[in-house]
file input.tsv (TSV, C-alpha atoms and all ligand atoms)
chain	number	residue	atom	x	y	z
Q	20	MET	CA	-7.27	-20.26	-11.24
Q	21	LYS	CA	-9.88	-17.61	-10.54
Q	22	LYS	CA	-12.57	-17.04	-13.13
Q	23	PHE	CA	-15.69	-14.95	-13.54
Q	24	TRP	CA	-19.15	-16.37	-13.01
Q	25	ARG	CA	-22.53	-14.78	-13.61
Q	26	CYS	CA	-25.84	-15.58	-11.92
Q	27	PHE	CA	-28.28	-16.41	-14.73
Q	28	ILE	CA	-31.12	-14.79	-12.81
Q	29	CYS	CA	-29.84	-11.52	-11.37
Q	30	SER	CA	-26.45	-11.09	-13.14
Q	31	ASP	CA	-24.49	-11.05	-9.88
Q	32	ILE	CA	-20.83	-11.46	-10.74
Q	33	HIS	CA	-18.53	-13.70	-8.76
Q	34	TYR	CA	-14.76	-13.84	-9.20
Q	35	GLY	CA	-13.25	-16.99	-7.77
Q	36	VAL	CA	-12.08	-20.54	-8.36
Q	37	LYS	CA	-15.66	-21.80	-8.16
Q	38	PRO	CA	-19.07	-20.14	-8.06
Q	39	PRO	CA	-21.21	-19.89	-4.90
Q	40	GLU	CA	-23.85	-22.61	-4.61
Q	41	VAL	CA	-26.41	-20.05	-3.56
Q	42	CYS	CA	-26.46	-16.60	-5.13
Q	43	PRO	CA	-25.94	-14.16	-2.23
Q	44	THR	CA	-28.15	-11.58	-3.94
Q	45	CYS	CA	-31.21	-13.47	-5.27
Q	46	LEU	CA	-30.68	-16.73	-3.32
Q	47	ALA	CA	-31.10	-18.88	-6.44
Q	48	LYS	CA	-29.38	-22.26	-6.24
Q	49	ASN	CA	-26.79	-23.50	-8.78
Q	50	ALA	CA	-27.30	-20.32	-10.75
Q	51	TYR	CA	-23.77	-19.38	-11.85
Q	52	VAL	CA	-22.37	-19.81	-15.35
Q	53	GLU	CA	-18.84	-18.91	-16.39
Q	54	VAL	CA	-18.33	-15.68	-18.38
Q	55	SER	CA	-15.22	-14.08	-19.84
Q	56	SER	CA	-13.46	-11.29	-17.97
Q	57	ARG	CA	-14.49	-8.95	-20.81
Q	58	GLU	CA	-18.15	-9.79	-20.21
Q	59	ALA	CA	-17.73	-9.51	-16.46
Q	60	VAL	CA	-16.19	-6.04	-16.77
Q	61	LYS	CA	-19.04	-4.96	-19.05
Q	62	ILE	CA	-21.68	-6.20	-16.61
Q	63	MET	CA	-19.96	-4.64	-13.61
Q	64	GLY	CA	-19.46	-1.39	-15.51
Q	65	ALA	CA	-23.22	-1.22	-16.12
Q	66	GLY	CA	-23.64	-0.72	-12.38
Q	67	GLY	CA	-21.77	2.58	-12.71
Q	68	THR	CA	-21.34	2.96	-8.96
Q	69	THR	CA	-18.92	5.39	-7.42
Q	70	LEU	CA	-17.41	5.45	-3.95
Q	71	THR	CA	-16.89	8.81	-2.33
Q	72	ARG	CA	-14.34	9.42	0.38
Q	73	GLU	CA	-17.11	9.43	3.00
Q	74	GLU	CA	-18.52	6.17	1.66
Q	75	PHE	CA	-15.11	4.56	1.71
Q	76	ARG	CA	-14.58	5.81	5.25
Q	77	ARG	CA	-17.87	4.20	6.29
Q	78	ALA	CA	-16.89	1.02	4.44
Q	79	ILE	CA	-13.61	0.61	6.32
Q	80	LEU	CA	-15.26	1.49	9.65
Q	81	ALA	CA	-17.87	-1.23	9.03
Q	82	PHE	CA	-15.13	-3.66	7.94
Q	83	ALA	CA	-13.11	-3.00	11.09
Q	84	GLU	CA	-16.11	-3.16	13.40
Q	85	LYS	CA	-16.53	-6.90	12.86
Q	86	ASN	CA	-12.82	-7.59	13.28
Q	87	GLU	CA	-10.10	-7.43	15.92
Q	88	PHE	CA	-8.73	-4.14	14.59
Q	89	GLU	CA	-10.00	-0.59	14.24
Q	90	VAL	CA	-9.40	2.40	12.01
Q	91	ASN	CA	-6.58	4.38	13.61
Q	92	PRO	CA	-7.95	6.94	16.11
Q	93	ASP	CA	-5.21	9.32	14.84
Q	94	LYS	CA	-7.48	11.36	12.56
Q	95	ALA	CA	-4.74	13.36	10.83
Q	96	LYS	CA	-2.94	10.17	9.84
Q	97	VAL	CA	-6.14	8.66	8.48
Q	98	GLU	CA	-6.87	11.79	6.41
Q	99	MET	CA	-3.38	11.75	4.93
Q	100	LEU	CA	-3.74	8.08	4.00
Q	101	LEU	CA	-7.16	8.70	2.46
Q	102	ASP	CA	-5.60	11.51	0.39
Q	103	GLY	CA	-3.04	8.99	-0.87
Q	104	LEU	CA	-5.53	6.21	-1.53
Q	105	PHE	CA	-7.83	8.47	-3.52
Q	106	ALA	CA	-4.94	10.04	-5.43
Q	107	ASN	CA	-3.74	6.54	-6.31
Q	108	GLU	CA	-7.18	5.50	-7.47
Q	109	GLN	CA	-7.41	8.66	-9.57
Q	110	ASN	CA	-3.95	8.30	-11.08
Q	111	HIS	CA	-3.41	4.54	-11.12
Q	112	GLY	CA	-6.90	3.01	-11.13
Q	113	LEU	CA	-6.91	1.31	-7.73
Q	114	LYS	CA	-6.54	2.42	-4.12
Q	115	TYR	CA	-2.95	1.31	-3.84
Q	116	CYS	CA	-1.21	1.46	-0.49
Q	117	PRO	CA	0.45	4.86	0.05
Q	118	CYS	CA	3.45	3.16	1.76
Q	119	ARG	CA	4.33	0.74	-1.02
Q	120	LEU	CA	5.00	1.23	-4.72
Q	121	ALA	CA	3.19	-0.93	-7.26
Q	122	SER	CA	5.49	-3.13	-9.33
Q	123	GLY	CA	3.52	-2.92	-12.59
Q	124	ASP	CA	2.49	-6.61	-12.37
Q	125	LEU	CA	-1.25	-6.39	-11.67
Q	126	ALA	CA	-1.59	-9.85	-10.12
Q	127	GLU	CA	1.20	-8.99	-7.69
Q	128	ASP	CA	-0.04	-5.46	-7.10
Q	129	LEU	CA	-3.50	-6.63	-6.04
Q	130	LYS	CA	-1.77	-7.39	-2.74
Q	131	LEU	CA	-1.26	-3.64	-2.36
Q	132	VAL	CA	-4.89	-2.62	-2.76
Q	133	CYS	CA	-6.32	-1.12	0.41
Q	134	PRO	CA	-7.33	-2.78	2.66
Q	135	CYS	CA	-4.52	-5.22	2.02
Q	136	HIS	CA	-4.15	-8.51	3.90
Q	137	PHE	CA	-2.21	-6.89	6.70
Q	138	LEU	CA	-3.07	-9.58	9.29
Q	139	ILE	CA	-0.10	-11.58	8.03
Q	140	HIS	CA	2.32	-8.66	7.87
Q	141	GLU	CA	5.29	-8.36	10.18
Q	142	THR	CA	3.97	-5.06	11.50
Q	143	TYR	CA	0.73	-6.71	12.70
Q	144	LYS	CA	1.03	-10.44	13.27
Q	145	ASN	CA	1.73	-11.44	16.90
Q	146	LYS	CA	2.18	-7.80	17.85
Q	147	LYS	CA	0.31	-6.30	20.76
Q	148	ASP	CA	0.38	-2.88	19.12
Q	149	GLY	CA	0.12	-4.29	15.63
Q	150	GLU	CA	-0.76	-2.02	12.74
Q	151	CYS	CA	-1.01	-2.34	9.00
Q	152	TRP	CA	2.11	-1.11	7.18
Q	153	CYS	CA	0.81	2.44	7.01
Q	154	GLY	CA	-1.09	2.55	10.30
Q	155	LEU	CA	-4.56	2.95	8.77
Q	156	PHE	CA	-5.70	-0.05	10.81
Q	157	VAL	CA	-4.46	-0.79	14.34
Q	158	ARG	CA	-5.14	-3.72	16.64
Q	159	ARG	CA	-8.07	-2.80	18.87
Q	160	LYS	CA	-7.13	-2.28	22.51
Q	161	LYS	CA	-9.06	-4.69	24.68
X	19	MET	CA	30.49	11.35	-1.41
X	20	SER	CA	28.13	9.10	-3.35
X	21	LYS	CA	24.79	10.34	-4.51
X	22	LEU	CA	22.09	9.20	-2.12
X	23	ILE	CA	18.43	8.87	-2.96
X	24	MET	CA	15.40	8.98	-0.71
X	25	PHE	CA	12.41	7.41	-2.44
X	26	TYR	CA	9.29	8.66	-0.71
X	27	ALA	CA	5.56	9.00	-1.23
X	28	ARG	CA	3.68	12.21	-0.54
X	29	GLU	CA	0.95	10.59	1.56
X	30	CYS	CA	3.10	8.01	3.35
X	31	PRO	CA	3.16	8.64	7.14
X	32	HIS	CA	6.55	6.91	7.55
X	33	CYS	CA	8.06	9.26	4.98
X	34	LYS	CA	6.55	12.25	6.75
X	35	ALA	CA	8.05	11.03	10.02
X	36	MET	CA	11.50	10.61	8.43
X	37	MET	CA	11.66	14.03	6.74
X	38	PRO	CA	12.77	15.97	9.86
X	39	HIS	CA	15.51	13.34	10.47
X	40	VAL	CA	16.67	13.69	6.89
X	41	GLU	CA	16.76	17.47	7.13
X	42	LYS	CA	18.60	17.37	10.44
X	43	LEU	CA	21.17	15.02	8.97
X	44	GLU	CA	21.61	17.22	5.91
X	45	ASN	CA	22.16	20.24	8.15
X	46	GLU	CA	24.57	18.55	10.53
X	47	GLU	CA	26.64	16.46	8.14
X	48	ASN	CA	27.86	17.06	4.65
X	49	ILE	CA	25.20	14.80	3.23
X	50	SER	CA	22.33	15.41	0.90
X	51	PHE	CA	19.60	13.17	-0.38
X	52	GLU	CA	17.93	13.45	-3.73
X	53	LYS	CA	14.29	13.19	-2.68
X	54	LEU	CA	12.21	11.42	-5.29
X	55	GLU	CA	8.44	11.15	-4.91
X	56	VAL	CA	7.17	7.90	-6.42
X	57	TRP	CA	3.35	7.89	-6.44
X	58	HIS	CA	2.86	11.21	-8.20
X	59	ASN	CA	5.86	11.05	-10.51
X	60	GLU	CA	6.05	8.17	-12.97
X	61	LYS	CA	9.69	8.86	-13.85
X	62	ASN	CA	10.71	8.51	-10.23
X	63	ALA	CA	8.50	5.43	-9.86
X	64	ASP	CA	10.18	3.82	-12.88
X	65	LEU	CA	13.59	4.65	-11.47
X	66	MET	CA	12.70	2.98	-8.17
X	67	ARG	CA	11.30	-0.03	-10.02
X	68	SER	CA	14.54	-0.28	-11.99
X	69	TYR	CA	16.35	-0.88	-8.68
X	70	ARG	CA	13.85	-3.51	-7.56
X	71	ARG	CA	16.41	-6.32	-7.46
X	72	ALA	CA	18.57	-4.41	-5.04
X	73	ILE	CA	15.79	-2.90	-2.95
X	74	ALA	CA	13.06	-5.54	-2.61
X	75	PRO	CA	15.08	-8.31	-0.90
X	76	LYS	CA	16.03	-5.89	1.85
X	77	CYS	CA	12.56	-4.41	2.24
X	78	GLY	CA	10.28	-7.40	2.81
X	79	GLY	CA	10.20	-8.30	-0.88
X	80	GLN	CA	8.67	-5.00	-1.89
X	81	LEU	CA	9.23	-1.44	-2.93
X	82	ARG	CA	8.57	0.33	0.32
X	83	THR	CA	8.59	3.98	1.18
X	84	PRO	CA	10.69	5.54	2.46
X	85	THR	CA	13.70	3.80	0.96
X	86	PHE	CA	17.17	5.28	1.26
X	87	PHE	CA	19.37	4.07	-1.53
X	88	ASN	CA	22.92	4.40	-2.75
X	89	PRO	CA	22.86	3.69	-6.50
X	90	GLU	CA	26.64	3.22	-6.64
X	91	THR	CA	26.83	0.46	-4.05
X	92	SER	CA	23.15	-0.65	-4.08
X	93	ASP	CA	23.14	-0.28	-0.30
X	94	VAL	CA	19.62	0.07	1.07
X	95	LEU	CA	17.89	1.23	4.21
X	96	CYS	CA	14.13	1.17	4.27
X	97	GLY	CA	11.24	2.19	6.46
X	98	GLU	CA	10.88	4.48	9.44
X	99	VAL	CA	14.02	4.19	11.56
X	100	PRO	CA	15.51	6.21	14.46
X	101	TYR	CA	17.68	9.21	13.57
X	102	GLU	CA	20.86	7.43	14.74
X	103	LYS	CA	20.25	4.51	12.43
X	104	LEU	CA	19.74	6.76	9.43
X	105	LYS	CA	22.86	8.72	10.34
X	106	GLU	CA	24.95	5.58	10.73
X	107	TRP	CA	23.75	4.31	7.36
X	108	ALA	CA	24.37	7.62	5.60
X	109	LEU	CA	27.84	8.13	7.09
X	110	LYS	CA	28.79	4.64	5.96
X	111	GLN	CA	28.10	5.73	2.38
X	112	LYS	CA	30.69	8.53	2.47
W	201	LIG	S1	-0.93	-1.15	4.75
W	201	LIG	FE1	-2.77	-0.19	5.56
W	201	LIG	S2	-3.07	1.62	4.28
W	201	LIG	FE2	-1.64	0.27	3.21
W	201	LIG	S3	-2.98	-0.93	1.88
W	201	LIG	FE3	-2.67	-2.10	3.73
W	201	LIG	S4	-4.45	-1.57	4.98
W	201	LIG	FE4	-4.29	0.00	3.41

call {"tool": "encode", "arguments": {"input": "input.tsv", "output": "structure tokens"}}
result
Amino acid sequence: MKKFWRCFICSDIHYGVKPPEVCPTCLAKNAYVEVSSREAVKIMGAGGTTLTREEFRRAILAFAEKNEFEVNPDKAKVEMLLDGLFANEQNHGLKYCPCRLASGDLAEDLKLVCPCHFLIHETYKNKKDGECWCGLFVRRKK
Amino acid sequence: MSKLIMFYARECPHCKAMMPHVEKLENEENISFEKLEVWHNEKNADLMRSYRRAIAPKCGGQLRTPTFFNPETSDVLCGEVPYEKLKEWALKQK
């Protein structure tokens, strides 16, 4: 079961079944101690960061760059999907996929947060022209 | 003719692609779909969720958009499909 862990030096928060041995932020060793999700949310909230549409766009471009897929060159489609993702974040708290409806079960619905794990989806896996369900990401042409 | 529903999402490219097919079908045949948007309308979303048991098994285990649904028979067609396939499905519901 995943839990929250906090670095006792720099307050980095990790969510996972076990903490990292080396803190990726301050590089301290064996620095993580378990905290409650309430504490974790409070610490993360203190950061108060926002993510604009342009920042998210840069984030998914950087994410795709190191992978075998790219952000769809069809700009109009990407804009429409970004409209949906940001509307969903505004109205429902997370950037849920615009081509799927959340069930109401948060653990299940985390699978619908963009980018989702589309590498295993029928629309992508083993497909030459594979895309994520919505076509935000497409397999890069060699 | 049974009531047919099209569950769609405003920013879903597959729904956008299906709209002209739906309109063509409505114009050519005596068929009409009740078009229910599910990401901007909680009532519609809840209605779609209430049909989860009928819809999800036929749509990869999820609530996908677009989903064409006959509430009387629980017959389902989901995703972006060619016009002929939509037509065949809709005529079967008559
Ligand atoms: S299918 Fe595409 S747009 Fe939808 S959540 Fe997954 S990556 Fe994002």

call {"tool": "interface_residues", "arguments": {"input": "input.tsv", "of": "chain X", "to": "chain Q", "cutoff": "8 Å", "atoms": "all atoms listed in the file", "output": "JSON, numbers by chain"}}
result
{"X": [27, 28, 29, 30, 31, 32, 56, 57, 58, 63, 67, 80, 81, 82, 83, 84]}

call {"tool": "residues_around", "arguments": {"input": "input.tsv", "residues": "X:Ile49", "least_positions_apart": "6", "cutoff": "10 Å", "atoms": "all atoms listed in the file", "output": "list in words"}}
result
Met19, Ser20, Lys21, Leu22, Val40, Glu41, Leu43, Lys105, Ala108, Leu109, Gln111 and Lys112 of chain X

call {"tool": "closest_residue", "arguments": {"input": "input.tsv", "among": "Q:Pro43, Q:Ser30, Q:Lys37, Q:Lys22", "to": "Q:Ser55", "atoms": "only C-alpha atoms"}}
result
Q:Lys22

call {"tool": "closest_residue", "arguments": {"input": "input.tsv", "among": "X:Gly97, X:Gly78, X:Asn62, X:Lys110", "to": "X:Met37", "atoms": "only C-alpha atoms"}}
result
X:Gly97

call {"tool": "closest_residue", "arguments": {"input": "input.tsv", "among": "Q:Pro38, Q:Lys48, Q:Arg158, Q:Arg76", "to": "Q:Lys146", "atoms": "only C-alpha atoms"}}
result
Q:Arg158

call {"tool": "residues_around", "arguments": {"input": "input.tsv", "residues": "Q:Trp24", "least_positions_apart": "4", "cutoff": "7 Å", "atoms": "all atoms listed in the file", "output": "VMD selection string"}}
result
chain Q and resid 32 to 34 38 51 to 54

call {"tool": "closest_residue", "arguments": {"input": "input.tsv", "among": "Q:Thr69, Q:Asn145, Q:Asn91, Q:Gln109", "to": "ligand LIG 201 (chain W)", "atoms": "all atoms listed in the file"}}
result
Q:Asn91

call {"tool": "axis_aligned_box", "arguments": {"input": "input.tsv", "around": "ligand LIG 201 (chain W)", "padding_each_side": "6 Å", "output": "AutoDock Vina command-line options"}}
result
--center_x -2.7 --center_y -0.2 --center_z 3.7 --size_x 15.5 --size_y 15.7 --size_z 15.7

call {"tool": "atom_distance", "arguments": {"input": "input.tsv", "atom1": "atom CA of Q:Lys94", "atom2": "atom CA of Q:Ala78"}}
result
16.2 Å

call {"tool": "atom_distance", "arguments": {"input": "input.tsv", "atom1": "atom CA of Q:Gly64", "atom2": "atom CA of Q:Gly35"}}
result
18.5 Å

call {"tool": "closest_residue", "arguments": {"input": "input.tsv", "among": "X:Met24, X:Ser50, X:Val94, X:Glu55", "to": "X:Arg71", "atoms": "all atoms listed in the file"}}
result
X:Val94

call {"tool": "atom_distance", "arguments": {"input": "input.tsv", "atom1": "atom CA of Q:Leu129", "atom2": "atom CA of Q:Glu58"}}
result
20.6 Å

call {"tool": "closest_residue", "arguments": {"input": "input.tsv", "among": "Q:Asp31, Q:Glu87, Q:Glu74, Q:Glu150", "to": "ligand LIG 201 (chain W)", "atoms": "only C-alpha atoms and all ligand atoms"}}
result
Q:Glu150
